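Student: As input, take work.cif (mmCIF, C-alpha atoms):
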data_upload
loop_
_atom_site.group_PDB
_atom_site.id
_atom_site.type_symbol
_atom_site.label_atom_id
_atom_site.label_comp_id
_atom_site.auth_asym_id
_atom_site.auth_seq_id
_atom_site.Cartn_x
_atom_site.Cartn_y
_atom_site.Cartn_z
ATOM 1 C CA MET L 3 5.095 -18.136 13.021
ATOM 2 C CA GLY L 4 4.823 -14.651 14.578
ATOM 3 C CA LYS L 5 6.554 -11.536 13.413
ATOM 4 C CA THR L 6 10.228 -11.053 14.247
ATOM 5 C CA GLY L 7 10.775 -9.507 17.655
ATOM 6 C CA HIS L 8 12.729 -6.467 16.460
ATOM 7 C CA ARG L 9 10.090 -5.388 13.996
ATOM 8 C CA ARG L 10 8.936 -1.806 14.544
ATOM 9 C CA ARG L 11 7.578 -0.336 11.394
ATOM 10 C CA THR L 12 7.090 3.202 10.160
ATOM 11 C CA ILE L 13 4.702 3.757 7.363
ATOM 12 C CA ARG L 14 4.372 5.164 3.785
ATOM 13 C CA THR L 15 2.627 6.331 0.465
ATOM 14 C CA ILE L 16 2.007 5.508 -3.182
ATOM 15 C CA ARG L 17 -0.852 6.090 -5.686
ATOM 16 C CA THR L 18 -4.642 6.122 -6.003
ATOM 17 C CA GLY L 19 -7.927 5.464 -7.830
ATOM 18 C CA ALA L 20 -11.615 5.684 -6.964
ATOM 19 C CA VAL L 21 -14.309 3.172 -6.345
ATOM 20 C CA VAL L 22 -18.039 3.843 -6.337
ATOM 21 C CA VAL L 23 -19.561 1.404 -3.914
ATOM 22 C CA ALA L 24 -23.289 0.777 -3.457
ATOM 23 C CA LEU L 25 -24.565 -0.111 -0.009
ATOM 24 C CA ALA L 26 -26.338 -3.399 0.270
ATOM 25 C CA GLY L 27 -29.578 -1.376 0.184
ATOM 26 C CA ALA L 28 -32.963 -1.843 1.735
ATOM 27 C CA ALA L 29 -32.188 -5.432 2.688
ATOM 28 C CA LEU L 30 -29.777 -4.066 5.299
ATOM 29 C CA ALA L 31 -32.284 -1.662 6.805
ATOM 30 C CA GLY L 32 -33.153 -4.161 9.500
ATOM 31 C CA CYS L 33 -29.596 -4.452 10.828
ATOM 32 C CA SER L 34 -29.358 -3.974 14.569
ATOM 33 C CA SER L 35 -27.016 -0.956 14.521
ATOM 34 C CA GLU L 36 -27.534 2.302 12.646
ATOM 35 C CA PRO L 37 -24.728 2.965 10.145
ATOM 36 C CA SER L 38 -22.770 6.141 10.856
ATOM 37 C CA PRO L 39 -22.725 8.933 8.247
ATOM 38 C CA LEU L 40 -19.788 7.910 6.039
ATOM 39 C CA LEU L 41 -21.205 4.427 5.544
ATOM 40 C CA ALA L 42 -24.786 5.669 5.197
ATOM 41 C CA GLU L 43 -24.418 7.826 2.087
ATOM 42 C CA GLY L 44 -25.644 5.123 -0.294
ATOM 43 C CA LYS L 45 -22.315 4.974 -2.112
ATOM 44 C CA ILE L 46 -18.653 5.368 -1.209
ATOM 45 C CA GLU L 47 -15.802 6.386 -3.493
ATOM 46 C CA ILE L 48 -12.594 4.568 -2.658
ATOM 47 C CA GLY L 49 -9.175 5.626 -3.849
ATOM 48 C CA SER L 50 -7.099 2.835 -5.376
ATOM 49 C CA LYS L 51 -4.206 2.312 -7.787
ATOM 50 C CA GLY L 52 -4.531 1.629 -11.473
ATOM 51 C CA ASP L 53 -0.982 0.700 -12.464
ATOM 52 C CA GLN L 54 0.316 -1.878 -9.968
ATOM 53 C CA PRO L 55 -0.285 -5.507 -10.987
ATOM 54 C CA GLY L 56 -0.852 -7.691 -7.939
ATOM 55 C CA THR L 57 -1.724 -4.886 -5.534
ATOM 56 C CA SER L 58 -4.109 -2.645 -7.487
ATOM 57 C CA TYR L 59 -4.353 -2.659 -11.241
ATOM 58 C CA SER L 60 -6.733 -1.706 -14.007
ATOM 59 C CA PRO L 61 -5.822 -3.571 -17.204
ATOM 60 C CA HIS L 62 -9.136 -2.562 -18.797
ATOM 61 C CA ASP L 63 -11.360 0.471 -18.323
ATOM 62 C CA GLY L 64 -13.633 0.028 -15.344
ATOM 63 C CA GLU L 65 -12.053 -3.219 -14.141
ATOM 64 C CA PHE L 66 -9.726 -3.292 -11.129
ATOM 65 C CA ASN L 67 -8.027 -6.202 -9.401
ATOM 66 C CA GLY L 68 -5.271 -6.842 -6.884
ATOM 67 C CA PHE L 69 -4.804 -7.291 -3.157
ATOM 68 C CA ASP L 70 -5.755 -3.700 -2.262
ATOM 69 C CA ILE L 71 -8.994 -4.117 -4.187
ATOM 70 C CA THR L 72 -9.738 -7.449 -2.526
ATOM 71 C CA VAL L 73 -9.051 -6.066 0.955
ATOM 72 C CA ALA L 74 -11.342 -3.095 0.340
ATOM 73 C CA ARG L 75 -14.101 -5.388 -0.876
ATOM 74 C CA GLU L 76 -13.736 -7.849 2.006
ATOM 75 C CA VAL L 77 -13.624 -5.200 4.728
ATOM 76 C CA LEU L 78 -16.512 -3.183 3.321
ATOM 77 C CA ASP L 79 -18.574 -6.316 2.785
ATOM 78 C CA ARG L 80 -18.249 -7.024 6.511
ATOM 79 C CA VAL L 81 -19.925 -3.671 7.293
ATOM 80 C CA GLY L 82 -22.649 -4.098 4.675
ATOM 81 C CA VAL L 83 -21.131 -2.300 1.694
ATOM 82 C CA LYS L 84 -21.049 -4.222 -1.589
ATOM 83 C CA VAL L 85 -18.290 -3.508 -4.124
ATOM 84 C CA LYS L 86 -18.162 -4.388 -7.831
ATOM 85 C CA SER L 87 -14.885 -4.514 -9.765
ATOM 86 C CA SER L 88 -16.353 -2.176 -12.373
ATOM 87 C CA ASP L 89 -16.682 0.550 -9.720
ATOM 88 C CA PHE L 90 -12.938 1.427 -9.589
ATOM 89 C CA GLU L 91 -10.977 4.178 -11.368
ATOM 90 C CA GLY L 92 -7.516 5.663 -10.776
ATOM 91 C CA VAL L 93 -5.855 8.881 -9.536
ATOM 92 C CA LEU L 94 -2.222 9.803 -8.865
ATOM 93 C CA SER L 95 -0.411 9.007 -5.599
ATOM 94 C CA LYS L 96 0.451 12.605 -4.862
ATOM 95 C CA ASN L 97 -3.248 13.546 -4.928
ATOM 96 C CA ARG L 98 -4.536 10.985 -2.415
ATOM 97 C CA ALA L 99 -4.835 13.184 0.689
ATOM 98 C CA ARG L 100 -6.236 16.082 -1.324
ATOM 99 C CA ALA L 101 -8.817 13.805 -2.924
ATOM 100 C CA LEU L 102 -9.981 12.732 0.543
ATOM 101 C CA HIS L 103 -10.193 16.267 1.917
ATOM 102 C CA ASP L 104 -11.890 17.598 -1.226
ATOM 103 C CA GLY L 105 -14.478 14.819 -0.995
ATOM 104 C CA ASP L 106 -13.569 13.321 -4.377
ATOM 105 C CA VAL L 107 -13.146 9.997 -2.546
ATOM 106 C CA GLN L 108 -14.140 8.964 0.958
ATOM 107 C CA LEU L 109 -11.663 6.102 1.451
ATOM 108 C CA VAL L 110 -8.274 5.248 -0.020
ATOM 109 C CA ALA L 111 -6.998 1.657 -0.257
ATOM 110 C CA ALA L 112 -3.936 1.958 -2.447
ATOM 111 C CA THR L 113 -0.725 0.656 -0.829
ATOM 112 C CA TYR L 114 -1.064 3.851 1.243
ATOM 113 C CA SER L 115 1.464 3.717 4.048
ATOM 114 C CA ILE L 116 0.502 4.800 7.539
ATOM 115 C CA THR L 117 2.812 7.468 8.956
ATOM 116 C CA GLU L 118 2.599 9.644 12.046
ATOM 117 C CA GLN L 119 2.723 12.715 9.814
ATOM 118 C CA ARG L 120 -0.296 11.556 7.865
ATOM 119 C CA MET L 121 -2.195 10.641 11.039
ATOM 120 C CA LYS L 122 -1.697 13.984 12.806
ATOM 121 C CA PRO L 123 -4.561 16.494 12.600
ATOM 122 C CA THR L 124 -4.118 19.322 10.118
ATOM 123 C CA SER L 125 -4.158 21.728 13.081
ATOM 124 C CA GLU L 126 -0.861 20.123 14.152
ATOM 125 C CA GLY L 127 0.644 20.310 10.668
ATOM 126 C CA GLY L 128 -0.290 16.771 9.667
ATOM 127 C CA ASP L 129 -2.301 15.394 6.762
ATOM 128 C CA GLY L 130 -5.411 14.934 8.909
ATOM 129 C CA LEU L 131 -6.115 11.314 7.997
ATOM 130 C CA ASP L 132 -7.341 8.318 9.955
ATOM 131 C CA PHE L 133 -6.186 4.855 8.898
ATOM 132 C CA VAL L 134 -7.597 1.381 9.289
ATOM 133 C CA GLY L 135 -4.632 -0.933 9.234
ATOM 134 C CA PRO L 136 -2.216 -2.260 8.572
ATOM 135 C CA TYR L 137 -3.729 -4.801 6.214
ATOM 136 C CA ALA L 138 -0.252 -5.683 4.884
ATOM 137 C CA SER L 139 3.371 -4.663 5.512
ATOM 138 C CA THR L 140 6.528 -4.749 3.437
ATOM 139 C CA ARG L 141 10.085 -3.447 3.081
ATOM 140 C CA GLN L 142 11.235 -1.205 0.249
ATOM 141 C CA GLY L 143 13.146 -3.064 -2.473
ATOM 142 C CA VAL L 144 14.551 -2.882 -5.983
ATOM 143 C CA LEU L 145 13.362 -4.156 -9.364
ATOM 144 C CA VAL L 146 15.949 -4.804 -12.079
ATOM 145 C CA ARG L 147 16.128 -6.375 -15.517
ATOM 146 C CA THR L 148 16.206 -10.174 -15.151
ATOM 147 C CA GLU L 149 19.269 -10.523 -17.363
ATOM 148 C CA GLU L 150 21.231 -8.319 -14.936
ATOM 149 C CA ALA L 151 19.777 -9.521 -11.607
ATOM 150 C CA LYS L 152 22.892 -11.448 -10.491
ATOM 151 C CA ARG L 153 24.967 -8.281 -10.313
ATOM 152 C CA TYR L 154 22.814 -6.783 -7.520
ATOM 153 C CA LYS L 155 23.697 -8.432 -4.192
ATOM 154 C CA ASN L 156 24.666 -5.496 -1.949
ATOM 155 C CA HIS L 157 23.631 -1.870 -1.602
ATOM 156 C CA SER L 158 27.038 -0.870 -2.963
ATOM 157 C CA ASP L 159 26.109 -2.544 -6.266
ATOM 158 C CA LEU L 160 23.643 0.322 -6.759
ATOM 159 C CA ASN L 161 26.277 3.045 -6.341
ATOM 160 C CA GLY L 162 26.364 5.221 -9.433
ATOM 161 C CA ARG L 163 23.278 3.518 -10.849
ATOM 162 C CA LEU L 164 20.204 5.469 -11.896
ATOM 163 C CA ILE L 165 17.136 4.367 -9.901
ATOM 164 C CA CYS L 166 13.618 5.385 -10.888
ATOM 165 C CA VAL L 167 11.089 6.391 -8.228
ATOM 166 C CA TRP L 168 7.739 8.095 -8.676
ATOM 167 C CA GLU L 169 6.241 11.262 -7.276
ATOM 168 C CA GLY L 170 4.381 11.231 -3.980
ATOM 169 C CA THR L 171 6.061 8.091 -2.621
ATOM 170 C CA THR L 172 8.110 7.512 0.501
ATOM 171 C CA SER L 173 10.423 5.326 -1.582
ATOM 172 C CA ALA L 174 11.727 8.471 -3.243
ATOM 173 C CA ALA L 175 12.354 10.115 0.147
ATOM 174 C CA GLU L 176 14.140 7.024 1.524
ATOM 175 C CA LEU L 177 16.702 6.879 -1.298
ATOM 176 C CA LYS L 178 17.491 10.573 -0.898
ATOM 177 C CA LYS L 179 18.788 10.037 2.640
ATOM 178 C CA PRO L 180 22.558 10.563 3.183
ATOM 179 C CA ALA L 181 23.124 6.807 3.589
ATOM 180 C CA TYR L 182 22.347 6.354 -0.099
ATOM 181 C CA SER L 183 24.108 9.454 -1.445
ATOM 182 C CA LEU L 184 26.001 7.428 -4.071
ATOM 183 C CA ILE L 185 22.749 6.186 -5.634
ATOM 184 C CA ARG L 186 21.314 8.440 -8.330
ATOM 185 C CA THR L 187 17.542 8.771 -8.541
ATOM 186 C CA VAL L 188 15.121 10.135 -11.094
ATOM 187 C CA ASP L 189 11.501 11.010 -10.277
ATOM 188 C CA MET L 190 8.804 10.064 -12.761
ATOM 189 C CA THR L 191 5.043 10.478 -12.743
ATOM 190 C CA ASP L 192 3.921 6.960 -11.858
ATOM 191 C CA ALA L 193 4.842 3.294 -11.623
ATOM 192 C CA GLN L 194 4.167 2.441 -15.253
ATOM 193 C CA GLU L 195 6.488 5.201 -16.435
ATOM 194 C CA CYS L 196 9.279 3.798 -14.252
ATOM 195 C CA VAL L 197 8.682 0.228 -15.471
ATOM 196 C CA LYS L 198 8.768 1.416 -19.081
ATOM 197 C CA ALA L 199 12.038 3.279 -18.469
ATOM 198 C CA LEU L 200 13.558 0.152 -16.857
ATOM 199 C CA LYS L 201 12.619 -2.113 -19.746
ATOM 200 C CA GLU L 202 13.895 0.443 -22.276
ATOM 201 C CA LYS L 203 17.219 0.635 -20.357
ATOM 202 C CA ARG L 204 16.853 4.358 -19.618
ATOM 203 C CA VAL L 205 17.306 3.557 -15.900
ATOM 204 C CA ASP L 206 19.151 0.732 -14.156
ATOM 205 C CA ALA L 207 16.455 -0.144 -11.630
ATOM 206 C CA LEU L 208 13.303 1.104 -9.953
ATOM 207 C CA SER L 209 12.567 1.129 -6.244
ATOM 208 C CA THR L 210 9.420 0.955 -4.187
ATOM 209 C CA ASP L 211 7.791 -1.462 -1.732
ATOM 210 C CA GLN L 212 8.635 -5.114 -2.369
ATOM 211 C CA LEU L 213 5.018 -6.310 -2.509
ATOM 212 C CA ILE L 214 4.461 -3.934 -5.419
ATOM 213 C CA LEU L 215 7.656 -5.126 -7.096
ATOM 214 C CA TYR L 216 6.623 -8.794 -6.876
ATOM 215 C CA GLY L 217 3.423 -7.836 -8.658
ATOM 216 C CA PHE L 218 5.394 -6.290 -11.507
ATOM 217 C CA MET L 219 7.634 -9.376 -11.629
ATOM 218 C CA LYS L 220 4.662 -11.710 -12.041
ATOM 219 C CA ASP L 221 3.248 -9.488 -14.774
ATOM 220 C CA ASP L 222 6.509 -9.455 -16.768
ATOM 221 C CA PRO L 223 9.298 -12.068 -16.306
ATOM 222 C CA SER L 224 11.821 -9.774 -18.032
ATOM 223 C CA ILE L 225 12.060 -7.847 -14.732
ATOM 224 C CA THR L 226 13.017 -9.332 -11.354
ATOM 225 C CA VAL L 227 13.069 -8.367 -7.681
ATOM 226 C CA ALA L 228 16.623 -8.141 -6.330
ATOM 227 C CA HIS L 229 15.732 -10.192 -3.235
ATOM 228 C CA ALA L 230 18.799 -9.281 -1.165
ATOM 229 C CA LEU L 231 18.302 -5.509 -1.400
ATOM 230 C CA THR L 232 15.885 -3.848 1.021
ATOM 231 C CA PHE L 233 15.771 -0.349 2.456
ATOM 232 C CA GLY L 234 14.459 1.280 5.591
ATOM 233 C CA PRO L 235 11.782 0.080 8.010
ATOM 234 C CA PHE L 236 8.592 -1.801 7.210
ATOM 235 C CA ASN L 237 5.866 0.136 5.401
ATOM 236 C CA ASP L 238 2.376 -0.559 6.725
ATOM 237 C CA TYR L 239 -0.585 -0.198 4.375
ATOM 238 C CA GLY L 240 -3.850 1.176 5.663
ATOM 239 C CA ILE L 241 -7.259 2.227 4.373
ATOM 240 C CA ALA L 242 -7.321 6.021 4.765
ATOM 241 C CA MET L 243 -10.120 8.502 5.360
ATOM 242 C CA ALA L 244 -10.324 12.162 6.347
ATOM 243 C CA LYS L 245 -10.686 12.662 10.093
ATOM 244 C CA GLY L 246 -14.160 13.090 11.518
ATOM 245 C CA HIS L 247 -15.526 9.573 11.012
ATOM 246 C CA ARG L 248 -14.257 7.654 14.038
ATOM 247 C CA GLU L 249 -17.418 5.566 14.399
ATOM 248 C CA ASP L 250 -17.069 4.352 10.817
ATOM 249 C CA CYS L 251 -13.331 3.932 11.302
ATOM 250 C CA LYS L 252 -13.846 1.669 14.306
ATOM 251 C CA LYS L 253 -16.362 -0.461 12.415
ATOM 252 C CA LEU L 254 -13.901 -0.896 9.570
ATOM 253 C CA GLN L 255 -11.108 -1.638 12.046
ATOM 254 C CA GLN L 256 -13.061 -4.517 13.562
ATOM 255 C CA ALA L 257 -13.932 -5.790 10.088
ATOM 256 C CA LEU L 258 -10.246 -5.731 9.112
ATOM 257 C CA MET L 259 -9.247 -7.585 12.277
ATOM 258 C CA ASP L 260 -11.813 -10.280 11.522
ATOM 259 C CA TYR L 261 -10.583 -10.556 7.933
ATOM 260 C CA ALA L 262 -6.855 -10.532 8.737
ATOM 261 C CA GLN L 263 -7.217 -13.411 11.193
ATOM 262 C CA SER L 264 -9.289 -15.511 8.805
ATOM 263 C CA ASN L 265 -8.057 -17.935 6.171
ATOM 264 C CA ASP L 266 -9.409 -15.515 3.582
ATOM 265 C CA TRP L 267 -6.495 -13.104 4.069
ATOM 266 C CA ASP L 268 -3.887 -15.769 3.310
ATOM 267 C CA ARG L 269 -5.881 -17.092 0.353
ATOM 268 C CA ASP L 270 -6.359 -13.640 -1.148
ATOM 269 C CA PHE L 271 -2.723 -12.662 -0.653
ATOM 270 C CA GLN L 272 -1.467 -15.785 -2.424
ATOM 271 C CA ILE L 273 -3.946 -15.378 -5.281
ATOM 272 C CA ASN L 274 -2.897 -11.785 -5.931
ATOM 273 C CA LEU L 275 0.813 -11.969 -5.039
ATOM 274 C CA PRO L 276 1.886 -15.586 -5.603
ATOM 275 C CA LEU L 277 5.610 -14.817 -6.089
ATOM 276 C CA VAL L 278 6.097 -13.305 -2.618
ATOM 277 C CA PRO L 279 8.234 -15.752 -0.566
ATOM 278 C CA LYS L 280 6.494 -17.367 2.415
ATOM 279 C CA LYS L 281 8.749 -15.578 4.919
ATOM 280 C CA ASP L 282 7.762 -12.210 3.464
ATOM 281 C CA ARG L 283 4.101 -13.246 3.314
ATOM 282 C CA ASP L 284 4.181 -14.162 7.007
ATOM 283 C CA GLU L 285 5.711 -10.779 7.842
ATOM 284 C CA ALA L 286 3.159 -9.000 5.679
ATOM 285 C CA ARG L 287 0.201 -10.341 7.656
ATOM 286 C CA PRO L 288 -0.908 -8.029 10.494
ATOM 287 C CA THR L 289 -1.734 -9.013 14.051
ATOM 288 C CA ASP L 290 -4.670 -7.595 16.031
ATOM 289 C CA ASP L 291 -2.203 -5.669 18.182
ATOM 290 C CA GLU L 292 -0.584 -4.035 15.158
ATOM 291 C CA ILE L 293 -3.982 -3.010 13.808
ATOM 292 C CA GLU L 294 -4.960 -1.594 17.218
ATOM 293 C CA ARG L 295 -1.762 0.500 17.396
ATOM 294 C CA SER L 296 -2.315 2.250 14.057
ATOM 295 C CA SER L 297 -6.077 2.450 13.480
ATOM 296 C CA CYS L 298 -8.402 5.413 14.099
ATOM 297 C CA LEU L 299 -5.818 7.457 16.025
ATOM 298 C CA ASP L 300 -4.055 10.823 15.768
ATOM 299 C CA ARG L 301 -0.689 9.086 16.063
ATOM 300 C CA PRO L 302 0.491 5.479 16.429
ATOM 301 C CA SER L 303 -0.180 4.330 19.993
ATOM 302 C CA ASN L 304 3.503 3.475 20.485
ATOM 303 C CA ALA L 305 4.727 6.781 19.071
ATOM 304 C CA LYS L 306 6.712 9.106 21.319
ATOM 305 C CA VAL L 307 5.010 12.382 22.209
ATOM 306 C CA ASP L 308 7.061 15.521 22.934
ATOM 307 C CA GLY L 309 6.792 16.697 26.527
#
Would you encode the structure as structure tokens?

Tutor:
Amino acid sequence: MGKTGHRRRTIRTIRTGAVVVALAGAALAGCSSEPSPLLAEGKIEIGSKGDQPGTSYSPHDGEFNGFDITVAREVLDRVGVKVKSSDFEGVLSKNRARALHDGDVQLVAATYSITEQRMKPTSEGGDGLDFVGPYASTRQGVLVRTEEAKRYKNHSDLNGRLICVWEGTTSAAELKKPAYSLIRTVDMTDAQECVKALKEKRVDALSTDQLILYGFMKDDPSITVAHALTFGPFNDYGIAMAKGHREDCKKLQQALMDYAQSNDWDRDFQINLPLVPKKDRDEARPTDDEIERSSCLDRPSNAKVDG
């Protein structure tokens, strides 16, 4: 089935880690097209998450897994870059754009939502990033203790409750809108701190993108996604880079389009996020048109421009 007709998604942020990636080496020297500079350095550092089971997680030092990690590996493999799981390490969400501009990482694949603000050049007050994506999309949701899940059926059931969000995420900004003024929020450093607070009953719930929440749910059955509660528009995840590498960006865009339309995408999604309902999985999968509208641009192609 296709996506629902009314779906028009804005786009978001979360948290990061780094991946050192070796090019396939001399064996690729005979390829027909010359690699452009970003992909020709001999290694690439890729930002990814370290604390989100299912999307991007590092349960042991030097080992990363999850859908973000798989997507990065699959897309880079299609342009001749080989990735090992031992090449990943983590950084905080709020530092992702800075890490790209400082050159600490060259790519970020970390449930990093695509927004017009992030796509705009720095000269226009934006974050100065190009994205390749979306590679997955999701609504914002709520994670609660399983023993209390039945009490959360409507947004009003969250009124007066204390909801944990973490720094540098659009989830925090969404819940601070006037529509949710009766919901109390507390900002913590990262996802694991929020999960710990939820399990210790220091907060009533935590909120971020539902794909991330389903990963936490699989990792620990004592916490559950409140399926009926979603917030805001869809968040679209993209692989980010600092502007100035459009040739590389376009190569990665084509690689993502090939991957997203293959059976590999569906297989990898179900392996990493098996608890996501089929309806949500179908909505998470991008179309070529959606990737075209958000990749390697200074603003989404369907965005309104003043004047």

Student: For this file, the PyMOL selection byres ((chain L and resi 114) around 12) selects which residues, as a ChimeraX atom specification?

Tutor: /L:13-19,49-51,57-58,70,94-99,109-113,115-117,120-121,131-140,170-173,211,214,237-243

Student: Select, from L:Thr191, L:Ser209, L:Ser224, L:Gln263, the residue with the minimum atom-to-atom distance to Ile293 in chain L, counting all atoms listed in the file.

Tutor: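 Of L:Thr191, L:Ser209, L:Ser224, L:Gln263, the one nearest Ile293 in chain L is L:Gln263, counting all atoms listed in the file.
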
Student: Ranking L:Asp282, L:Asp300, L:Asp260, L:Asp266 by minimum distance to Gln212 in chain L and counting all atoms listed in the file, which one comes first?

Tutor: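 Counting all atoms listed in the file, the residue closest to Gln212 in chain L is L:Asp282.
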
Student: Can you tell me how far CA of Val73 in chain L sits from CA of Leu215 in chain L, in Å to one decimal?

Tutor: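 Straight-line distance from CA of Val73 in chain L to CA of Leu215 in chain L works out to 18.6 Å.
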
Student: Just give me the gap between CA of Gly130 in chain L and CA of Leu102 in chain L in Å, one decimal is fine.

Tutor: 9.8 Å

Student: Might you pull out every residue within 7 Å of Arg163 in chain L, with all atoms listed in the file counted and same-chain residues fewer than 4 positions away left off, and present them as a ChimeraX atom specification?

Tutor: /L:185-186,206

Student: Given the file shown, enumerate the residues that the PyMOL selection byres ((chain L and resi 174-184) around 10) captures and present them as a list in words.

Tutor: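 Here the PyMOL selection byres ((chain L and resi 174-184) around 10) matches Gln142, His157, Ser158, Leu160, Asn161, Gly162, Arg163, Leu164, Ile165, Cys166, Val167, Trp168, Glu169, Gly170, Thr171, Thr172, Ser173, Ile185, Arg186, Thr187, Val188, Asp189, Ser209, Thr210, Phe233, Gly234 and Pro235 of chain L.
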
Student: Going by the chain IDs and residue numbers used in this file, which residues fall under the PyMOL selection byres ((chain L and resi 146) around 6)? Write them as a PDB file with C-alpha atoms, in the frame of the given file.

Tutor:
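The resulting expr27.pdb:
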ATOM      1  CA  LEU L 145      13.362  -4.156  -9.364  1.00  0.00           C
ATOM      2  CA  ARG L 147      16.128  -6.375 -15.517  1.00  0.00           C
ATOM      3  CA  ALA L 207      16.455  -0.144 -11.630  1.00  0.00           C
ATOM      4  CA  ILE L 225      12.060  -7.847 -14.732  1.00  0.00           C
ATOM      5  CA  THR L 226      13.017  -9.332 -11.354  1.00  0.00           C
TER       6      THR L 226
END

Student: Please compute the CA of Thr232 in chain L-CA of Asp159 in chain L distance, one decimal, in Å.

Tutor: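 Distance between the two atoms: 12.6 Å.
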
Student: My list of candidates is L:Met219, L:His229, L:Lys253, L:Ala74. Which is closest to Trp267 in chain L when distances are computed with all atoms listed in the file?

Tutor: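 Closest to Trp267 in chain L of all the choices is L:Ala74.
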
Student: Could you check the closest approach to Glu292 in chain L for each of L:Gln255, L:Thr72, L:Ser60, L:Asn274 and tell me which residue wins, using only C-alpha atoms?

Tutor: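 Counting only C-alpha atoms, the residue closest to Glu292 in chain L is L:Gln255.
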
Student: Could you give me, as a list in words, the residues that have an atom at most 12 Å away from the point (-16.0, -12.8, -1.9) in the coordinates of the file, using all atoms listed in the file?

Tutor: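 Output: Ile71, Thr72, Val73, Ala74, Arg75, Glu76, Val77, Leu78, Asp79, Arg80, Lys84, Val85, Lys86, Ser87, Tyr261, Asp266, Trp267, Arg269 and Asp270 of chain L.
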
Student: Could you pull the residues within 7 Å of Asp53 in chain L, counting all atoms listed in the file, minus those fewer than 6 positions along the same chain, as a list of chain:residue names?

Tutor: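 After dropping sequence-adjacent residues, the list is L:Tyr59, L:Ser60, L:Ala193, L:Gln194.
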
Student: Counting all atoms listed in the file, select every polymer residue within 9 Å of (-16.2, 5.2, 6.9) as defined in the file's coordinates, and provide the selection as a list of chain:residue names.

Tutor: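 Selection result: L:Ser38, L:Pro39, L:Leu40, L:Leu41, L:Ala42, L:Ile46, L:Gln108, L:Leu109, L:Met243, L:His247, L:Arg248, L:Glu249, L:Asp250, L:Cys251, L:Lys252, L:Lys253, L:Leu254.
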
Student: Quick one: of L:Lys45, L:Arg100, L:Arg283, L:Lys245, who's nearest to Tyr216 in chain L, counting all atoms listed in the file?

Tutor: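 Of L:Lys45, L:Arg100, L:Arg283, L:Lys245, the one nearest Tyr216 in chain L is L:Arg283, counting all atoms listed in the file.
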
Student: Mind working out the centre and edge lengths of an axis-aligned box for range 117-132 of chain L, all listed atoms inside, 4 Å added to each side, rounded to one decimal in Å and written as lines of an AutoDock Vina configuration file?

Tutor:
center_x = -2.3
center_y = 14.6
center_z = 10.5
size_x = 18.2
size_y = 22.3
size_z = 15.4

Student: Which is closest to Glu65 in chain L among L:Phe90, L:Glu202, L:Phe218, L:Ala228, if we use all atoms listed in the file?

Tutor: L:Phe90
